[in-house]
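Participant: Provided below: target-v9.tsv, containing TSV, C-alpha atoms.
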chain	number	residue	atom	x	y	z
A	7	ALA	CA	-18.34	-44.90	48.88
A	8	GLU	CA	-19.63	-42.96	45.94
A	9	VAL	CA	-18.74	-39.28	45.88
A	10	PRO	CA	-21.79	-37.11	45.22
A	11	ALA	CA	-21.70	-34.72	42.30
A	12	PRO	CA	-21.14	-31.05	43.15
A	13	PRO	CA	-24.35	-29.04	43.50
A	14	ASP	CA	-25.63	-26.92	40.65
A	15	MET	CA	-23.96	-23.54	41.20
A	16	GLN	CA	-26.29	-21.54	38.95
A	17	TRP	CA	-28.11	-20.13	41.97
A	18	VAL	CA	-24.88	-18.67	43.38
A	19	GLN	CA	-24.30	-15.02	42.62
A	20	LEU	CA	-20.66	-14.03	42.78
A	21	SER	CA	-19.83	-10.81	44.54
A	22	PRO	CA	-18.59	-7.94	42.39
A	23	ASP	CA	-14.94	-7.04	42.40
A	24	ALA	CA	-15.78	-3.61	43.81
A	25	LEU	CA	-15.31	-2.98	47.50
A	26	PRO	CA	-18.36	-2.42	49.71
A	27	ALA	CA	-19.35	1.20	50.06
A	28	THR	CA	-21.49	3.23	52.43
A	29	ASP	CA	-23.44	4.99	49.67
A	30	TRP	CA	-26.43	2.77	50.43
A	31	VAL	CA	-27.19	5.11	53.35
A	32	ALA	CA	-28.11	7.85	50.86
A	33	SER	CA	-30.72	5.56	49.31
A	34	LEU	CA	-32.60	5.65	52.64
A	35	ASP	CA	-33.28	9.34	51.94
A	36	ASP	CA	-32.86	10.47	55.55
A	37	ALA	CA	-30.64	13.53	55.95
A	38	ALA	CA	-30.31	13.12	59.72
A	39	LEU	CA	-29.16	9.50	59.36
A	40	GLY	CA	-26.73	10.50	56.62
A	41	ALA	CA	-25.27	13.21	58.85
A	42	LEU	CA	-24.89	10.78	61.76
A	43	VAL	CA	-23.15	8.21	59.56
A	44	ASP	CA	-20.82	10.88	58.14
A	45	GLU	CA	-19.98	12.09	61.65
A	46	ALA	CA	-19.33	8.54	62.88
A	47	LEU	CA	-17.09	7.81	59.89
A	48	ALA	CA	-15.14	11.04	60.41
A	49	SER	CA	-14.58	10.58	64.14
A	50	ASN	CA	-14.04	6.82	64.44
A	51	THR	CA	-10.44	6.06	65.36
A	52	SER	CA	-10.57	2.50	64.01
A	53	ILE	CA	-11.47	3.82	60.59
A	54	ARG	CA	-8.67	6.39	60.70
A	55	ILE	CA	-6.22	3.65	61.67
A	56	ALA	CA	-7.44	1.42	58.84
A	57	GLU	CA	-7.12	4.32	56.40
A	58	ASP	CA	-3.60	5.10	57.58
A	59	ARG	CA	-2.59	1.44	57.26
A	60	PHE	CA	-3.96	1.40	53.72
A	61	LYS	CA	-2.06	4.59	52.81
A	62	ALA	CA	1.15	3.15	54.28
A	63	ALA	CA	0.67	-0.04	52.25
A	64	LEU	CA	0.24	2.06	49.10
A	65	ALA	CA	3.50	3.85	49.91
A	66	ARG	CA	5.27	0.52	50.46
A	67	ALA	CA	3.94	-0.69	47.09
A	68	ASP	CA	5.30	2.44	45.41
A	69	ILE	CA	8.67	1.95	47.08
A	70	SER	CA	8.89	-1.69	46.02
A	71	ALA	CA	7.89	-0.74	42.45
A	72	ALA	CA	10.72	1.80	42.41
A	73	ASN	CA	13.16	-1.10	42.83
A	74	LEU	CA	12.37	-2.11	39.23
A	75	LEU	CA	13.91	1.13	37.99
A	76	PRO	CA	17.56	2.13	37.87
A	77	SER	CA	18.88	4.10	40.84
A	78	VAL	CA	20.98	7.22	40.37
A	79	THR	CA	22.59	9.14	43.21
A	80	GLY	CA	24.79	12.19	43.10
A	81	SER	CA	26.92	14.17	45.49
A	82	VAL	CA	28.66	17.53	45.46
A	83	GLY	CA	31.18	18.81	47.98
A	84	ALA	CA	33.24	21.95	48.42
A	85	GLY	CA	35.94	22.78	50.94
A	86	ARG	CA	38.42	25.52	51.71
A	87	THR	CA	41.44	25.31	53.95
A	88	GLU	CA	43.05	28.52	55.11
A	89	ARG	CA	46.49	28.48	56.71
A	90	GLY	CA	47.47	31.02	59.25
A	91	ASN	CA	50.85	31.75	57.67
A	92	ASP	CA	52.44	32.63	54.34
A	93	LEU	CA	54.61	29.49	54.17
A	94	ILE	CA	51.80	27.15	53.09
A	95	ALA	CA	49.28	28.33	50.53
A	96	ASP	CA	45.56	28.23	51.20
A	97	SER	CA	43.66	25.55	49.28
A	98	SER	CA	40.18	25.02	47.92
A	99	SER	CA	38.63	21.79	46.73
A	100	LEU	CA	35.53	20.88	44.79
A	101	SER	CA	34.27	17.35	44.31
A	102	PHE	CA	31.30	15.72	42.72
A	103	GLY	CA	30.22	12.18	42.02
A	104	VAL	CA	27.51	10.23	40.30
A	105	ASN	CA	26.58	6.63	41.03
A	106	ALA	CA	24.10	4.59	39.00
A	107	SER	CA	22.92	1.06	39.74
A	108	TRP	CA	20.28	-1.33	38.56
A	109	GLU	CA	19.44	-4.87	39.59
A	110	ALA	CA	18.46	-7.21	36.78
A	111	ASP	CA	15.40	-9.09	38.01
A	112	VAL	CA	16.48	-12.42	36.55
A	113	TRP	CA	14.62	-14.65	39.01
A	114	GLY	CA	11.61	-12.35	39.52
A	115	ARG	CA	12.36	-11.52	43.16
A	116	VAL	CA	11.77	-7.80	42.70
A	117	ARG	CA	8.57	-8.36	40.68
A	118	ASP	CA	7.34	-10.78	43.36
A	119	ASN	CA	8.02	-8.17	46.06
A	120	VAL	CA	6.08	-5.60	44.04
A	121	LYS	CA	3.15	-8.01	43.60
A	122	SER	CA	3.22	-8.88	47.31
A	123	SER	CA	3.13	-5.19	48.26
A	124	GLU	CA	0.24	-4.57	45.88
A	125	LEU	CA	-1.71	-7.52	47.32
A	126	ASP	CA	-1.07	-6.27	50.86
A	127	ALA	CA	-2.39	-2.84	49.84
A	128	GLY	CA	-5.47	-4.46	48.30
A	129	ALA	CA	-6.16	-6.44	51.48
A	130	LEU	CA	-5.79	-3.33	53.64
A	131	GLN	CA	-8.07	-1.42	51.28
A	132	ALA	CA	-10.70	-4.14	51.77
A	133	ASP	CA	-10.21	-3.91	55.56
A	134	TYR	CA	-10.70	-0.13	55.37
A	135	ALA	CA	-13.87	-0.49	53.29
A	136	ALA	CA	-15.20	-3.17	55.65
A	137	ALA	CA	-14.57	-0.96	58.69
A	138	ARG	CA	-16.45	1.91	57.04
A	139	LEU	CA	-19.32	-0.42	56.11
A	140	SER	CA	-19.46	-1.82	59.64
A	141	VAL	CA	-19.66	1.62	61.26
A	142	ALA	CA	-22.30	2.79	58.78
A	143	GLY	CA	-24.32	-0.38	59.47
A	144	GLN	CA	-24.05	0.01	63.25
A	145	VAL	CA	-25.11	3.65	63.18
A	146	SER	CA	-28.02	2.83	60.86
A	147	GLN	CA	-29.12	-0.10	63.01
A	148	ASN	CA	-29.06	2.09	66.12
A	149	TRP	CA	-30.98	4.80	64.25
A	150	PHE	CA	-33.75	2.38	63.29
A	151	ASP	CA	-33.77	0.87	66.80
A	152	LEU	CA	-34.33	4.39	68.14
A	153	ILE	CA	-37.18	4.98	65.69
A	154	GLU	CA	-38.71	1.64	66.65
A	155	ALA	CA	-38.44	2.45	70.37
A	156	ARG	CA	-40.04	5.88	69.83
A	157	LEU	CA	-42.91	4.35	67.82
A	158	LEU	CA	-43.44	1.63	70.45
A	159	SER	CA	-43.49	4.30	73.15
A	160	GLU	CA	-46.08	6.31	71.23
A	161	LEU	CA	-48.12	3.15	70.66
A	162	SER	CA	-47.98	2.35	74.37
A	163	GLU	CA	-49.14	5.87	75.24
A	164	ARG	CA	-52.06	5.58	72.82
A	165	ASP	CA	-52.88	2.15	74.23
A	166	VAL	CA	-52.97	3.59	77.77
A	167	GLU	CA	-55.23	6.44	76.58
A	168	THR	CA	-57.53	3.94	74.89
A	169	GLN	CA	-57.67	1.77	78.00
A	170	GLU	CA	-58.42	4.80	80.18
A	171	ARG	CA	-61.26	5.91	77.85
A	172	ALA	CA	-62.66	2.41	77.85
A	173	LEU	CA	-62.51	2.31	81.63
A	174	ARG	CA	-64.31	5.66	81.92
A	175	LEU	CA	-67.03	4.49	79.56
A	176	THR	CA	-67.59	1.25	81.46
A	177	THR	CA	-67.76	2.95	84.86
A	178	ARG	CA	-70.52	5.42	83.87
What do you get writing this file as structure tokens?
Facilitator:
Amino acid sequence: AEVPAPPDMQWVQLSPDALPATDWVASLDDAALGALVDEALASNTSIRIAEDRFKAALARADISAANLLPSVTGSVGAGRTERGNDLIADSSSLSFGVNASWEADVWGRVRDNVKSSELDAGALQADYAAARLSVAGQVSQNWFDLIEARLLSELSERDVETQERALRLTTR
């Protein structure tokens, strides 16, 4: 069987690298809707969880990036021993230490861990942005459904008034 040629992809528009945002709500120029969306975003637990997961992933990425750098630790200690008699002298001690270590990333394991952590953080950032976009969309959809219901109710009331006037005119 002959394999068809791939379709012309000129009509496809690639999405931008930027994450989706909720700033499109402001373009609707409705302060009440904007306030509702802001309140929903601030009080939604799923969004707070997604944000916390993203922040934790950023911290893990920072920690894994720190493994590329040398590690230096230090310690200081002091002690005093007092004897209860004059036969053995009292003693004092002071100690300190420094330890430095660094792992040569010959095979790229540490760099791969850093890249993996950064990719995880990027994925969780996209999840966070998608959750915010979803909540903003749901609130906006409900807002417009409410407006539509109110307008339909008003239209129905006017229709009833028109029918009643027409009925009064025909019965005279």
Participant: My list of candidates is A:Leu175, A:Ala136, A:Leu93, A:Leu130. Which is closest to Lys61 in chain A when distances are computed with only C-alpha atoms?
Facilitator: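 That would be A:Leu130, the residue with the smallest distance to Lys61 in chain A.
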Participant: Could you jot down the CA of Ala129 in chain A to CA of Arg66 in chain A separation for me, Å, one decimal place?
Facilitator: 13.4 Å
Participant: Using all atoms listed in the file, find the one residue out of A:Ser33, A:Gln131, A:Ser81, A:Ser123 that sits nearest to Ser101 in chain A.
Facilitator: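 Under the stated criterion, the closest residue is A:Ser81.
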Participant: Excluding Ile69 in chain A and its own-chain neighbours fewer than 2 positions away, which residues fall within 12 Å of it when counting only C-alpha atoms? Please give them as an NGL selection string.
Facilitator: :A and (62-67 or 71-75 or 116 or 119-121 or 123-124)
Participant: Would you please work out which residue, of A:Gly103, A:Leu157, A:Ser98, A:Ile55, is nearest to Val82 in chain A when using all atoms listed in the file?
Facilitator: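 Selected residue with least distance to Val82 in chain A: A:Gly103.
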